[in-house]
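input24.cif, holding mmCIF, C-alpha atoms:
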```cif
data_structure
loop_
_atom_site.label_atom_id
_atom_site.label_comp_id
_atom_site.auth_asym_id
_atom_site.auth_seq_id
_atom_site.Cartn_x
_atom_site.Cartn_y
_atom_site.Cartn_z
CA MET E 568 37.18 -37.77 21.43
CA ASN E 569 38.26 -39.12 24.79
CA LYS E 570 36.35 -36.95 27.20
CA LYS E 571 34.50 -38.89 29.90
CA ILE E 572 32.90 -37.13 32.83
CA PHE E 573 32.11 -38.84 36.12
CA GLY E 574 30.91 -36.63 38.95
CA GLY E 575 32.15 -33.54 37.12
CA ILE E 576 35.74 -34.85 36.85
CA PHE E 577 37.45 -35.45 33.52
CA VAL E 578 38.72 -39.03 33.59
CA SER E 579 40.49 -38.88 30.25
CA GLN E 580 41.12 -35.89 28.07
CA VAL E 581 43.30 -35.22 25.05
CA ILE E 582 44.72 -31.75 24.41
CA SER E 583 46.64 -30.87 21.25
CA ILE E 584 49.45 -28.36 20.98
CA THR E 585 49.90 -26.83 17.55
CA GLY E 586 51.09 -23.67 15.86
CA SER E 587 53.00 -22.87 12.71
CA ILE E 588 56.66 -23.20 11.79
CA ALA E 589 58.91 -21.18 14.16
CA THR E 590 56.10 -20.01 16.47
CA GLY E 591 57.56 -21.92 19.45
CA LYS E 592 55.34 -24.96 19.74
CA SER E 593 58.23 -27.19 20.84
CA THR E 594 59.08 -24.72 23.61
CA VAL E 595 55.56 -25.02 25.02
CA SER E 596 55.58 -28.82 24.64
CA ASN E 597 58.79 -28.97 26.69
CA MET E 598 57.18 -26.82 29.38
CA ILE E 599 54.25 -29.25 29.51
CA LYS E 600 56.67 -32.18 29.94
CA GLU E 601 58.43 -30.29 32.76
CA LEU E 602 55.05 -30.00 34.49
CA GLY E 603 54.89 -33.82 34.49
CA PHE E 604 52.44 -34.52 31.66
CA THR E 605 52.85 -36.99 28.82
CA VAL E 606 53.38 -35.30 25.44
CA ILE E 607 53.09 -37.50 22.35
CA ASP E 608 54.98 -35.90 19.47
CA ALA E 609 53.84 -36.41 15.86
CA ASP E 610 57.36 -35.63 14.58
CA ILE E 611 58.83 -38.43 16.73
CA ALA E 612 56.04 -40.75 15.55
CA ALA E 613 56.87 -39.96 11.92
CA ARG E 614 60.49 -41.00 12.52
CA VAL E 615 59.68 -44.14 14.51
CA VAL E 616 57.19 -45.63 12.04
CA VAL E 617 59.67 -45.56 9.14
CA GLU E 618 62.48 -47.33 11.01
CA PRO E 619 63.64 -50.69 9.58
CA GLY E 620 61.27 -53.50 10.51
CA GLN E 621 58.22 -51.26 10.88
CA GLU E 622 55.21 -51.93 8.64
CA ALA E 623 55.33 -48.45 7.08
CA TYR E 624 59.04 -48.93 6.30
CA LYS E 625 58.28 -52.13 4.38
CA LYS E 626 55.49 -50.45 2.40
CA ILE E 627 57.68 -47.45 1.53
CA VAL E 628 60.49 -49.68 0.23
CA GLU E 629 57.97 -51.75 -1.78
CA THR E 630 56.50 -48.55 -3.26
CA PHE E 631 59.63 -46.49 -3.95
CA GLY E 632 62.31 -49.17 -4.36
CA GLU E 633 65.49 -50.09 -2.51
CA GLU E 634 67.41 -47.21 -4.13
CA ILE E 635 65.96 -44.92 -1.42
CA LEU E 636 67.87 -46.86 1.26
CA GLN E 637 71.17 -45.95 2.87
CA PRO E 638 73.88 -48.66 3.14
CA THR E 639 72.70 -49.17 6.75
CA GLY E 640 69.22 -50.12 5.50
CA GLU E 641 67.61 -46.97 6.82
CA ILE E 642 65.54 -44.76 4.55
CA ASP E 643 67.51 -41.90 3.02
CA ARG E 644 65.14 -39.04 3.77
CA LYS E 645 66.83 -36.72 1.30
CA LYS E 646 66.49 -39.18 -1.59
CA LEU E 647 62.87 -39.91 -0.71
CA GLY E 648 62.20 -36.19 -0.34
CA ASN E 649 63.61 -35.49 -3.77
CA ILE E 650 61.26 -38.09 -5.27
CA VAL E 651 58.08 -36.74 -3.66
CA PHE E 652 58.87 -33.02 -3.51
CA ASN E 653 57.83 -32.20 -7.08
CA ASN E 654 55.51 -35.14 -7.68
CA GLU E 655 52.06 -34.72 -6.15
CA GLU E 656 50.99 -38.31 -6.92
CA LYS E 657 54.06 -39.80 -5.21
CA ARG E 658 53.74 -37.40 -2.27
CA LEU E 659 50.15 -38.55 -1.72
CA GLN E 660 51.32 -42.17 -2.00
CA LEU E 661 53.89 -41.59 0.74
CA ASN E 662 51.37 -39.77 2.94
CA SER E 663 48.87 -42.63 2.54
CA ILE E 664 51.49 -44.96 4.05
CA VAL E 665 52.99 -42.73 6.74
CA HIS E 666 49.97 -40.83 8.09
CA PRO E 667 47.88 -43.86 9.19
CA ALA E 668 50.97 -45.38 10.82
CA VAL E 669 51.65 -42.13 12.70
CA ARG E 670 48.05 -41.92 13.93
CA LYS E 671 48.14 -45.55 15.11
CA TRP E 672 51.45 -45.04 16.95
CA MET E 673 50.13 -41.91 18.65
CA ASN E 674 46.87 -43.61 19.60
CA ASP E 675 48.77 -46.58 21.06
CA GLN E 676 50.93 -44.20 23.13
CA LYS E 677 47.83 -42.31 24.28
CA GLU E 678 46.01 -45.48 25.33
CA ALA E 679 49.11 -46.67 27.19
CA ALA E 680 49.15 -43.38 29.14
CA PHE E 681 45.50 -43.76 30.07
CA GLN E 682 46.15 -47.37 31.13
CA ARG E 683 48.83 -46.00 33.47
CA GLY E 684 46.13 -43.91 35.08
CA GLU E 685 46.95 -40.53 33.52
CA GLN E 686 43.88 -38.34 33.11
CA VAL E 687 45.26 -35.89 30.55
CA VAL E 688 47.50 -36.55 27.56
CA PHE E 689 48.92 -33.90 25.22
CA LEU E 690 49.49 -34.40 21.49
CA ASP E 691 52.13 -32.26 19.76
CA ILE E 692 50.87 -32.07 16.15
CA PRO E 693 52.43 -29.35 13.95
CA LEU E 694 49.95 -29.79 11.08
CA LEU E 695 46.86 -30.51 13.18
CA TYR E 696 44.51 -28.38 11.09
CA GLU E 697 46.17 -29.00 7.73
CA SER E 698 45.94 -32.78 8.28
CA LYS E 699 42.35 -32.54 9.59
CA LEU E 700 43.20 -34.33 12.84
CA THR E 701 41.04 -32.31 15.24
CA HIS E 702 38.87 -35.41 15.73
CA MET E 703 41.76 -36.87 17.76
CA THR E 704 41.54 -34.18 20.42
CA ASP E 705 39.20 -32.54 22.92
CA LYS E 706 40.85 -29.13 23.08
CA VAL E 707 43.50 -27.28 21.07
CA ILE E 708 46.14 -24.81 22.26
CA VAL E 709 47.71 -22.76 19.46
CA VAL E 710 51.16 -21.23 20.04
CA TYR E 711 51.18 -17.84 18.34
CA VAL E 712 53.60 -15.20 17.13
CA ASP E 713 52.80 -12.60 14.47
CA GLU E 714 53.96 -13.35 10.93
CA LYS E 715 56.80 -10.78 11.03
CA THR E 716 58.27 -12.40 14.15
CA GLN E 717 57.70 -15.85 12.65
CA LEU E 718 59.61 -14.88 9.50
CA GLU E 719 62.52 -13.40 11.45
CA ARG E 720 62.81 -16.43 13.75
CA LEU E 721 62.65 -18.93 10.91
CA MET E 722 65.31 -17.11 8.87
CA LYS E 723 67.62 -17.01 11.89
CA ARG E 724 66.93 -20.57 13.12
CA ASN E 725 67.23 -22.35 9.75
CA GLU E 726 69.65 -19.88 8.11
CA LEU E 727 67.19 -19.23 5.28
CA SER E 728 66.75 -16.33 2.90
CA GLU E 729 63.56 -14.30 3.26
CA GLU E 730 62.19 -15.93 0.10
CA GLU E 731 62.94 -19.47 1.36
CA ALA E 732 61.41 -18.74 4.77
CA LYS E 733 58.26 -17.23 3.24
CA ALA E 734 57.83 -20.31 1.04
CA ARG E 735 57.89 -22.58 4.10
CA ILE E 736 55.47 -20.38 6.03
CA ASN E 737 53.10 -20.15 3.07
CA SER E 738 53.01 -23.94 2.69
CA GLN E 739 51.00 -24.09 5.95
CA MET E 740 47.69 -22.61 7.03
CA SER E 741 48.36 -19.10 8.35
CA ILE E 742 48.82 -18.69 12.09
CA GLU E 743 46.06 -16.05 12.04
CA GLU E 744 43.60 -18.67 10.74
CA LYS E 745 44.72 -21.20 13.34
CA ILE E 746 44.11 -18.90 16.31
CA LYS E 747 40.49 -18.44 15.15
CA LEU E 748 39.99 -22.22 15.51
CA ALA E 749 41.80 -22.64 18.84
CA ASP E 750 40.29 -23.26 22.27
CA ALA E 751 43.18 -21.28 23.78
CA VAL E 752 46.11 -19.25 22.45
CA ILE E 753 49.57 -18.72 23.93
CA ASP E 754 51.27 -15.54 22.71
CA ASN E 755 54.91 -16.54 22.46
CA ARG E 756 56.38 -13.13 21.58
CA GLY E 757 57.53 -12.36 25.11
CA SER E 758 59.88 -14.02 27.59
CA LEU E 759 59.92 -17.73 28.39
CA GLU E 760 58.48 -16.92 31.81
CA GLU E 761 55.56 -15.03 30.23
CA THR E 762 54.88 -17.98 27.93
CA LYS E 763 54.94 -20.40 30.87
CA GLN E 764 52.56 -18.24 32.91
CA GLN E 765 50.06 -18.23 30.02
CA LEU E 766 50.29 -22.03 29.82
CA ILE E 767 49.73 -22.43 33.56
CA SER E 768 46.77 -20.03 33.42
CA ILE E 769 45.13 -22.10 30.66
CA LEU E 770 45.67 -25.38 32.52
CA THR E 771 44.35 -23.85 35.73
CA GLU E 772 41.25 -22.51 33.95
CA TRP E 773 40.65 -25.98 32.47
CA LYS E 774 41.19 -27.54 35.93
CA ILE E 775 44.09 -29.65 34.68
CA LYS E 776 46.59 -30.68 37.37
#
```
Rewrite the structure of this file - the entire thing - as C-alpha cells.
Amino acid sequence: MNKKIFGGIFVSQVISITGSIATGKSTVSNMIKELGFTVIDADIAARVVVEPGQEAYKKIVETFGEEILQPTGEIDRKKLGNIVFNNEEKRLQLNSIVHPAVRKWMNDQKEAAFQRGEQVVFLDIPLLYESKLTHMTDKVIVVYVDEKTQLERLMKRNELSEEEAKARINSQMSIEEKIKLADAVIDNRGSLEETKQQLISILTEWKIK
C-alpha cells in the first residue's frame, strides 16, 4: 500500500484498472492518460522485461534453451507459448521468472512517478485478481460489460469462433466476480462519452485531480 495522509491530503496513492478480456480496460486507461495521469501497464512491463539483455530474458533462455530465440536474438513468443501452453510445470516455471520481473519494473516506474512529485499513479493490470496483486494497490476500478457483450466484442475484435472466445473468457475470473471485489465499477456498454463521465465521477468522488 502507498497511501499516506497528511492533513487529510493523499500524498501518494496507487489505483489499479482491471477488467476481463474485451471489457474495454485499455479504453479507460487511455482516458486516464489523456487526463494527465501516469498509467503503468503490466502488458508493456511483460514485454520489456523479456527483451535481450534483461535479467528475465537470460533466465528464460537458460531454462528453455536457445531454440526459443529468433535469428535476431529476441524470444520467439509463439515457440515459447507452444512449450508452456500444454505443460503446467513449464508454464509455472516461466511465470516464476516473468512475474517477479514485471512487479519490479512496475514498482520502479511507480516510485519514479512519486519521485517526480505525482500524487496518484494508476496501474493497468489485466489479471489483478487472478495474480493476487491487490496488495500493490489502494483502490481498484473494474471496467465492466456483461458476458454477452464481452463475447460478441471478443469474437469481432480477435476474429474468433464462439467456442474460441468462450475458452479465453473462461480462462479468467468472471467479470461478475470481479465487480463484487471492486472499489468502483465503470459500465462500458454505452458510448465513449458515457464511459468517460463515469471515470471522471469516480475520480471526483475520490478527490483525485
(request) Tell me, as a PyMOL selection string, which residues lie within 12 Å of His666 of chain E, counting all atoms listed in the file; anything in the same chain fewer than 6 positions away does not count. (result) chain E and resi 609-610+612-614+616-617+623+658-660+672-673+692+694-695+698-700
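For the pair atom CA of Glu714 of chain E and atom CA of Met740 of chain E, the interatomic distance is 11.8 Å.
Evaluated against the shown file, the PyMOL selection byres ((chain E and resi 766) around 10) gives Val595, Met598, Ile599, Ile708, Val710, Ala751, Val752, Ile753, Asp754, Glu760, Glu761, Thr762, Lys763, Gln764, Gln765, Ile767, Ser768, Ile769, Leu770, Thr771 and Glu772 of chain E.
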What would the selection look like, as a compact mmCIF listing (two decimals) with C-alpha atoms, in the coordinates of the input, if the PyMOL selection byres ((chain E and resi 685) around 9) were run on the coordinates I just shared?
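This went into out-v4.txt:
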```txt
# COMPACT_ATOMS: atom_id res chain seq x y z
CA VAL E 578 38.72 -39.03 33.59
CA SER E 579 40.49 -38.88 30.25
CA PHE E 604 52.44 -34.52 31.66
CA THR E 605 52.85 -36.99 28.82
CA ALA E 680 49.15 -43.38 29.14
CA PHE E 681 45.50 -43.76 30.07
CA GLN E 682 46.15 -47.37 31.13
CA ARG E 683 48.83 -46.00 33.47
CA GLY E 684 46.13 -43.91 35.08
CA GLN E 686 43.88 -38.34 33.11
CA VAL E 687 45.26 -35.89 30.55
CA VAL E 688 47.50 -36.55 27.56
```
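In terms of minimum interatomic distance to Asp713 of chain E, E:Arg756 ranks closest within E:Arg756, E:Arg670, E:Lys745, E:Lys592, counting all atoms listed in the file.
Nearest to Glu744 of chain E of all the residues E:Ser596, E:Ser587, E:Asn674, E:Gln637 is E:Ser587, based on only C-alpha atoms.
Considering all atoms listed in the file, the residue among E:Leu636, E:Lys645, E:Pro693, E:Ile736 positioned nearest to Ser593 of chain E is E:Pro693.
Proximity ranking of E:Ser741, E:Lys774, E:Leu748, E:Arg720 relative to Thr590 of chain E places E:Arg720 first, based on only C-alpha atoms.
You will find atom CA of Glu641 of chain E at 28.9 Å from atom CA of Thr585 of chain E.
If you apply the PyMOL selection byres ((chain E and resi 582) around 10) to this structure, you end up with Asn569, Gln580, Val581, Ser583, Ile584, Thr585, Val606, Val687, Val688, Phe689, Leu690, Asp691, Thr701, Met703, Thr704, Asp705, Lys706, Val707, Ile708 and Asp750 of chain E.
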(request) Between atom CA of Lys625 of chain E and atom CA of Ser663 of chain E, measure the distance and give it in Å to one decimal. (result) 13.5 Å
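Considering only C-alpha atoms, the residue among E:Leu727, E:Val669, E:Ala732, E:Ile746 positioned nearest to Val712 of chain E is E:Ile746.
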(request) Could you check which of E:Asp643, E:Glu743, E:Glu601, E:Glu729 is closest to Glu618 of chain E, using only C-alpha atoms? (result) E:Asp643
